[in-house]
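The structure file target_26.txt is reproduced below (compact mmCIF, C-alpha atoms).
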```txt
# COMPACT_ATOMS: atom_id res chain seq x y z
CA PHE A 1 118.91 116.57 -7.33
CA THR A 2 117.38 113.15 -7.21
CA SER A 3 115.47 113.59 -10.46
CA ASN A 4 115.21 115.76 -13.54
CA HIS A 5 113.71 115.36 -17.00
CA ASP A 6 116.61 113.28 -18.38
CA GLU A 7 116.84 111.07 -15.29
CA ASN A 8 113.08 110.56 -15.13
CA SER A 9 112.74 109.70 -18.82
CA TRP A 10 115.81 107.54 -19.31
CA ASN A 11 116.65 106.04 -15.91
CA GLY A 12 113.35 106.07 -14.05
CA THR A 13 111.55 108.01 -11.37
CA GLU A 14 113.33 108.59 -8.09
CA LEU A 15 111.07 105.96 -6.51
CA GLU A 16 112.11 103.44 -9.16
CA LYS A 17 115.80 104.22 -8.74
CA TYR A 18 116.09 104.76 -4.99
CA LYS A 19 113.03 102.89 -3.65
CA HIS A 20 113.08 102.99 0.17
CA ALA A 21 115.92 105.55 0.17
CA ALA A 22 114.24 108.19 -2.04
CA LYS A 23 113.41 110.46 0.90
CA ALA A 24 116.85 109.96 2.45
CA TRP A 25 118.52 111.11 -0.79
CA ALA A 26 116.18 114.12 -0.90
CA VAL A 27 117.37 115.03 2.61
CA PHE A 28 120.93 114.66 1.33
CA CYS A 29 120.25 117.13 -1.49
CA PHE A 30 119.03 119.76 0.96
CA THR A 31 121.70 119.25 3.60
CA TRP A 32 124.81 118.77 1.44
CA GLN A 33 126.73 121.60 -0.20
CA GLY A 34 125.15 123.41 -3.12
CA MET A 35 121.67 124.31 -4.30
CA PRO A 36 119.00 121.60 -4.14
CA MET A 37 116.58 121.21 -7.01
CA ILE A 38 113.05 119.82 -6.99
CA TYR A 39 111.85 118.35 -10.26
CA SER A 40 108.29 118.65 -11.56
CA ALA A 41 105.78 116.84 -9.35
CA GLN A 42 108.28 115.36 -6.89
CA GLU A 43 106.11 116.74 -4.12
CA SER A 44 103.08 114.94 -5.56
CA PRO A 45 105.01 112.44 -5.90
CA ASN A 46 105.38 111.68 -9.59
CA THR A 47 105.59 107.91 -10.11
CA LYS A 48 105.47 108.08 -13.91
CA ARG A 49 108.32 108.18 -16.38
CA LEU A 50 107.66 111.16 -18.63
CA LEU A 51 108.14 111.05 -22.40
CA PHE A 52 111.35 112.79 -23.40
CA PHE A 53 110.68 114.06 -26.91
CA ASP A 54 106.90 114.46 -26.75
CA LYS A 55 104.68 116.59 -24.56
CA ASP A 56 103.63 114.51 -21.57
CA THR A 57 101.29 115.85 -18.93
CA ILE A 58 102.16 115.39 -15.27
CA VAL A 59 99.38 114.01 -13.11
CA TRP A 60 99.25 116.06 -9.91
CA ASN A 61 97.91 113.83 -7.17
CA ALA A 62 95.99 115.75 -4.52
CA PRO A 63 96.83 116.14 -1.77
CA LEU A 64 100.50 116.67 -2.53
CA GLN A 65 101.83 113.91 -0.26
CA LEU A 66 105.41 115.21 -0.02
CA ASN A 67 104.70 118.95 -0.09
CA ASP A 68 105.24 119.40 3.67
CA PHE A 69 108.38 117.25 3.52
CA TYR A 70 109.98 119.42 0.81
CA THR A 71 108.73 122.65 2.39
CA ARG A 72 110.41 121.76 5.69
CA LEU A 73 113.65 120.86 3.94
CA ALA A 74 113.62 124.14 2.00
CA LEU A 75 112.97 126.17 5.15
CA LEU A 76 115.75 124.37 7.01
CA LYS A 77 118.18 125.11 4.17
CA GLU A 78 117.04 128.75 4.01
CA LYS A 79 117.28 129.48 7.73
CA ASN A 80 120.35 127.51 8.81
CA LYS A 81 123.76 129.04 8.08
CA ALA A 82 125.44 125.65 8.46
CA LEU A 83 123.48 124.34 5.48
CA GLN A 84 124.12 127.45 3.41
CA TYR A 85 127.80 128.18 4.04
CA GLY A 86 129.03 125.63 6.55
CA GLU A 87 131.96 123.31 6.51
CA THR A 88 131.16 119.66 5.92
CA PHE A 89 132.67 116.86 7.97
CA ILE A 90 132.04 113.30 6.80
CA LEU A 91 131.71 110.93 9.74
CA PRO A 92 133.11 107.40 9.39
CA SER A 93 130.82 104.40 9.59
CA ASN A 94 131.30 100.65 9.61
CA ASN A 95 128.32 100.51 7.22
CA ASP A 96 129.24 103.09 4.57
CA ASN A 97 127.10 101.37 1.95
CA GLN A 98 124.03 101.63 4.22
CA ILE A 99 124.54 104.69 6.43
CA MET A 100 125.70 108.14 5.40
CA ALA A 101 126.68 110.46 8.25
CA TYR A 102 128.04 113.99 8.15
CA LEU A 103 128.09 117.22 10.09
CA ARG A 104 127.65 120.74 8.72
CA ARG A 105 128.85 123.68 10.84
CA LYS A 106 128.94 127.46 10.53
CA ASP A 107 129.45 129.55 13.67
CA GLU A 108 126.80 128.46 16.20
CA ASP A 109 124.70 126.57 13.65
CA VAL A 110 125.41 122.83 13.57
CA VAL A 111 123.48 120.15 11.70
CA LEU A 112 124.12 116.44 12.15
CA VAL A 113 122.79 114.33 9.27
CA LEU A 114 122.35 110.57 9.58
CA LEU A 115 120.88 108.91 6.52
CA ASN A 116 119.82 105.29 6.36
CA VAL A 117 119.92 104.34 2.69
CA SER A 118 119.47 100.63 3.35
CA PRO A 119 116.14 98.80 3.36
CA ASP A 120 116.77 97.82 6.99
CA ASN A 121 115.63 99.61 10.13
CA ARG A 122 118.79 100.92 11.77
CA ILE A 123 117.26 102.33 14.96
CA LYS A 124 118.55 100.52 18.03
CA VAL A 125 116.77 101.16 21.30
CA ALA A 126 118.58 100.24 24.50
CA VAL A 127 116.32 99.17 27.33
```

Can you present the structure in this file as structure tokens?
Amino acid sequence: FTSNHDENSWNGTELEKYKHAAKAWAVFCFTWQGMPMIYSAQESPNTKRLLFFDKDTIVWNAPLQLNDFYTRLALLKEKNKALQYGETFILPSNNDNQIMAYLRRKDEDVVLVLLNVSPDNRIKVAV
């Protein structure tokens, strides 16, 4: 997960904590081993720290800006055996603090994940 009630209340929203990399870490949650979790209003997205000990209402912003993003990730996880049961192979990088790369494989299903967690554009186009 990238957020939950404790994290949101005490350490900040995922946008506060991860800034430009919030979506990349969400992709990580859905493509790494285990069961991903979506916290209340992440698909809205929730930009407010919620009170921990008192009832605090979530403001649902319409339209839900990240609903399609999370729906696609959930469907990918549901339908791809590599993401459900596959082996994970971490790929080396010269920029480990900025790029996370790994491969998930199960039978014919293969998923290559390249995550840019830096604030910089890492796409290089050769002309």

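Nearest-residue note for A:Glu108: choosing from A:Leu15, A:Ile90, A:Ala82, A:Leu51, the minimum distance belongs to A:Ala82, counting all atoms listed in the file.
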
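The gap separating atom CA of A:Gln65 from atom CA of A:Ala101 is 26.5 Å, in Å to one decimal.
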
Find the residues of stretch 74-121 of chain A that sit at most 10 Å from stretch 20-27 of chain A; for each, write down the nearest two atoms and how far apart they are in Å, to one decimal. Count only C-alpha atoms. Sort by chain, then by number going up, and give it as CSV.
```
residue,atom,partner,partner_atom,distance
A:Ala74,CA,A:Val27,CA,9.9
A:Gln98,CA,A:Ala21,CA,9.9
A:Met100,CA,A:Ala24,CA,9.5
A:Val113,CA,A:Val27,CA,8.6
A:Leu114,CA,A:Ala24,CA,9.0
A:Leu115,CA,A:Ala24,CA,5.8
A:Asn116,CA,A:Ala24,CA,6.8
A:Val117,CA,A:Ala21,CA,4.9
A:Ser118,CA,A:Ala21,CA,6.8
A:Pro119,CA,A:His20,CA,6.1
A:Asp120,CA,A:His20,CA,9.3
```

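Taking atom CA of A:Pro63 and atom CA of A:Glu43 as endpoints, the distance between them is 9.6 Å.
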
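Interatomic distance, atom CA of A:Ser3 against atom CA of A:Tyr39: 6.0 Å.
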
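For the set A:His5, A:Lys81, A:Arg104, A:Arg72, the residue with the smallest atom-to-atom gap to A:Lys55 is A:His5, counting all atoms listed in the file.
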
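Residue nearest A:Asp109 within the list A:Asn80, A:Thr88, A:Asn121, A:Asn94: A:Asn80 [criterion: smallest interatomic distance, all atoms listed in the file].
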
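Proximity of A:Val110, A:Arg105, A:Asn46, A:Lys79 to A:Glu16, computed with all atoms listed in the file, is greatest for A:Asn46.
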
Exercise for the section: Give as number ranges by chain every residue, naming chains and numbers as the document does, that has an atom within 7 Å of (131.7, 128.1, 11.1), counting only C-alpha atoms. Expected result: A: 86-87, 105-107

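Of the listed residues (A:Leu112, A:Asp68, A:Ser9, A:Gln42), A:Ser9 comes nearest to A:Asp54; the distances count only C-alpha atoms.
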
Exercise for the section: Skip A:Thr47 itself and residues of its chain fewer than 5 positions away, then list as a list in words all residues within 10 Å of it, counting all atoms listed in the file. Expected result: Asn8, Gly12, Thr13, Glu14, Leu15, Glu16, Ala41, Gln42, Ile58 and Val59 of chain A

Written file, previous selection with C-alpha atoms, as an mmCIF file, in the coordinates of the input:
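The resulting file, selection_15.cif, is reproduced below:
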```
data_model
loop_
_atom_site.group_PDB
_atom_site.id
_atom_site.type_symbol
_atom_site.label_atom_id
_atom_site.label_comp_id
_atom_site.auth_asym_id
_atom_site.auth_seq_id
_atom_site.Cartn_x
_atom_site.Cartn_y
_atom_site.Cartn_z
ATOM 1 C CA ASN A 8 113.080 110.560 -15.130
ATOM 2 C CA GLY A 12 113.350 106.070 -14.050
ATOM 3 C CA THR A 13 111.550 108.010 -11.370
ATOM 4 C CA GLU A 14 113.330 108.590 -8.090
ATOM 5 C CA LEU A 15 111.070 105.960 -6.510
ATOM 6 C CA GLU A 16 112.110 103.440 -9.160
ATOM 7 C CA ALA A 41 105.780 116.840 -9.350
ATOM 8 C CA GLN A 42 108.280 115.360 -6.890
ATOM 9 C CA ILE A 58 102.160 115.390 -15.270
ATOM 10 C CA VAL A 59 99.380 114.010 -13.110
#
```

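Candidate residues A:Phe53, A:Trp10, A:Trp32, A:Phe69 were compared for distance to A:Phe89, and the nearest is A:Trp32, using all atoms listed in the file.
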
Would you mind completing stretch 90-101 of chain A to all heavy atoms and writing the output as a PDB file, keeping the file's coordinate frame?
```pdb
ATOM      1  N   ILE A  90     132.587 114.642   7.003  1.00  0.00           N
ATOM      2  CA  ILE A  90     132.040 113.300   6.800  1.00  0.00           C
ATOM      3  C   ILE A  90     132.442 112.443   7.995  1.00  0.00           C
ATOM      4  O   ILE A  90     133.611 112.416   8.396  1.00  0.00           O
ATOM      5  CB  ILE A  90     132.554 112.690   5.485  1.00  0.00           C
ATOM      6  CG1 ILE A  90     132.089 113.537   4.311  1.00  0.00           C
ATOM      7  CG2 ILE A  90     132.087 111.241   5.344  1.00  0.00           C
ATOM      8  CD1 ILE A  90     132.681 113.142   2.982  1.00  0.00           C
ATOM      9  N   LEU A  91     131.467 111.760   8.568  1.00  0.00           N
ATOM     10  CA  LEU A  91     131.710 110.930   9.740  1.00  0.00           C
ATOM     11  C   LEU A  91     131.868 109.472   9.291  1.00  0.00           C
ATOM     12  O   LEU A  91     131.071 108.968   8.499  1.00  0.00           O
ATOM     13  CB  LEU A  91     130.550 111.063  10.721  1.00  0.00           C
ATOM     14  CG  LEU A  91     130.244 112.512  11.143  1.00  0.00           C
ATOM     15  CD1 LEU A  91     128.998 112.556  12.005  1.00  0.00           C
ATOM     16  CD2 LEU A  91     131.428 113.119  11.868  1.00  0.00           C
ATOM     17  N   PRO A  92     132.881 108.782   9.805  1.00  0.00           N
ATOM     18  CA  PRO A  92     133.110 107.400   9.390  1.00  0.00           C
ATOM     19  C   PRO A  92     132.026 106.458   9.923  1.00  0.00           C
ATOM     20  O   PRO A  92     131.414 106.721  10.954  1.00  0.00           O
ATOM     21  CB  PRO A  92     134.470 107.061  10.002  1.00  0.00           C
ATOM     22  CG  PRO A  92     134.621 107.998  11.144  1.00  0.00           C
ATOM     23  CD  PRO A  92     133.861 109.244  10.782  1.00  0.00           C
ATOM     24  N   SER A  93     131.811 105.401   9.199  1.00  0.00           N
ATOM     25  CA  SER A  93     130.820 104.400   9.590  1.00  0.00           C
ATOM     26  C   SER A  93     131.337 103.019   9.200  1.00  0.00           C
ATOM     27  O   SER A  93     132.047 102.885   8.207  1.00  0.00           O
ATOM     28  CB  SER A  93     129.490 104.671   8.886  1.00  0.00           C
ATOM     29  OG  SER A  93     128.621 103.571   9.017  1.00  0.00           O
ATOM     30  N   ASN A  94     130.969 102.026   9.968  1.00  0.00           N
ATOM     31  CA  ASN A  94     131.300 100.650   9.610  1.00  0.00           C
ATOM     32  C   ASN A  94     130.362 100.125   8.526  1.00  0.00           C
ATOM     33  O   ASN A  94     130.566  99.031   8.014  1.00  0.00           O
ATOM     34  CB  ASN A  94     131.231  99.745  10.832  1.00  0.00           C
ATOM     35  CG  ASN A  94     132.341 100.043  11.806  1.00  0.00           C
ATOM     36  OD1 ASN A  94     133.391 100.543  11.431  1.00  0.00           O
ATOM     37  ND2 ASN A  94     132.110  99.757  13.071  1.00  0.00           N
ATOM     38  N   ASN A  95     129.328 100.911   8.215  1.00  0.00           N
ATOM     39  CA  ASN A  95     128.320 100.510   7.220  1.00  0.00           C
ATOM     40  C   ASN A  95     128.168 101.596   6.163  1.00  0.00           C
ATOM     41  O   ASN A  95     127.070 102.074   5.912  1.00  0.00           O
ATOM     42  CB  ASN A  95     126.971 100.261   7.905  1.00  0.00           C
ATOM     43  CG  ASN A  95     127.033  99.143   8.914  1.00  0.00           C
ATOM     44  OD1 ASN A  95     127.610  98.099   8.639  1.00  0.00           O
ATOM     45  ND2 ASN A  95     126.463  99.361  10.071  1.00  0.00           N
ATOM     46  N   ASP A  96     129.277 101.990   5.531  1.00  0.00           N
ATOM     47  CA  ASP A  96     129.240 103.090   4.570  1.00  0.00           C
ATOM     48  C   ASP A  96     128.290 102.863   3.398  1.00  0.00           C
ATOM     49  O   ASP A  96     127.798 103.817   2.812  1.00  0.00           O
ATOM     50  CB  ASP A  96     130.640 103.379   4.020  1.00  0.00           C
ATOM     51  CG  ASP A  96     131.513 104.114   5.028  1.00  0.00           C
ATOM     52  OD1 ASP A  96     130.960 104.732   5.960  1.00  0.00           O
ATOM     53  OD2 ASP A  96     132.740 104.086   4.869  1.00  0.00           O
ATOM     54  N   ASN A  97     128.018 101.633   3.061  1.00  0.00           N
ATOM     55  CA  ASN A  97     127.100 101.370   1.950  1.00  0.00           C
ATOM     56  C   ASN A  97     125.634 101.400   2.402  1.00  0.00           C
ATOM     57  O   ASN A  97     124.738 101.258   1.576  1.00  0.00           O
ATOM     58  CB  ASN A  97     127.423 100.027   1.287  1.00  0.00           C
ATOM     59  CG  ASN A  97     127.260  98.863   2.242  1.00  0.00           C
ATOM     60  OD1 ASN A  97     127.341  99.030   3.464  1.00  0.00           O
ATOM     61  ND2 ASN A  97     127.061  97.685   1.695  1.00  0.00           N
ATOM     62  N   GLN A  98     125.394 101.598   3.697  1.00  0.00           N
ATOM     63  CA  GLN A  98     124.030 101.630   4.220  1.00  0.00           C
ATOM     64  C   GLN A  98     123.712 102.899   5.002  1.00  0.00           C
ATOM     65  O   GLN A  98     122.557 103.300   5.084  1.00  0.00           O
ATOM     66  CB  GLN A  98     123.792 100.424   5.123  1.00  0.00           C
ATOM     67  CG  GLN A  98     123.943  99.115   4.386  1.00  0.00           C
ATOM     68  CD  GLN A  98     123.842  97.927   5.324  1.00  0.00           C
ATOM     69  OE1 GLN A  98     123.985  98.048   6.528  1.00  0.00           O
ATOM     70  NE2 GLN A  98     123.577  96.769   4.754  1.00  0.00           N
ATOM     71  N   ILE A  99     124.722 103.499   5.591  1.00  0.00           N
ATOM     72  CA  ILE A  99     124.540 104.690   6.430  1.00  0.00           C
ATOM     73  C   ILE A  99     125.445 105.790   5.908  1.00  0.00           C
ATOM     74  O   ILE A  99     126.629 105.571   5.660  1.00  0.00           O
ATOM     75  CB  ILE A  99     124.920 104.399   7.901  1.00  0.00           C
ATOM     76  CG1 ILE A  99     124.092 103.262   8.478  1.00  0.00           C
ATOM     77  CG2 ILE A  99     124.814 105.659   8.749  1.00  0.00           C
ATOM     78  CD1 ILE A  99     122.637 103.555   8.665  1.00  0.00           C
ATOM     79  N   MET A 100     124.889 106.983   5.755  1.00  0.00           N
ATOM     80  CA  MET A 100     125.700 108.140   5.400  1.00  0.00           C
ATOM     81  C   MET A 100     125.566 109.132   6.553  1.00  0.00           C
ATOM     82  O   MET A 100     124.450 109.486   6.945  1.00  0.00           O
ATOM     83  CB  MET A 100     125.214 108.764   4.100  1.00  0.00           C
ATOM     84  CG  MET A 100     126.057 109.913   3.656  1.00  0.00           C
ATOM     85  SD  MET A 100     125.665 110.331   1.951  1.00  0.00           S
ATOM     86  CE  MET A 100     127.155 111.144   1.489  1.00  0.00           C
ATOM     87  N   ALA A 101     126.694 109.561   7.094  1.00  0.00           N
ATOM     88  CA  ALA A 101     126.680 110.460   8.250  1.00  0.00           C
ATOM     89  C   ALA A 101     127.655 111.609   8.003  1.00  0.00           C
ATOM     90  O   ALA A 101     128.795 111.400   7.595  1.00  0.00           O
ATOM     91  CB  ALA A 101     127.070 109.693   9.503  1.00  0.00           C
TER      92      ALA A 101
END
```
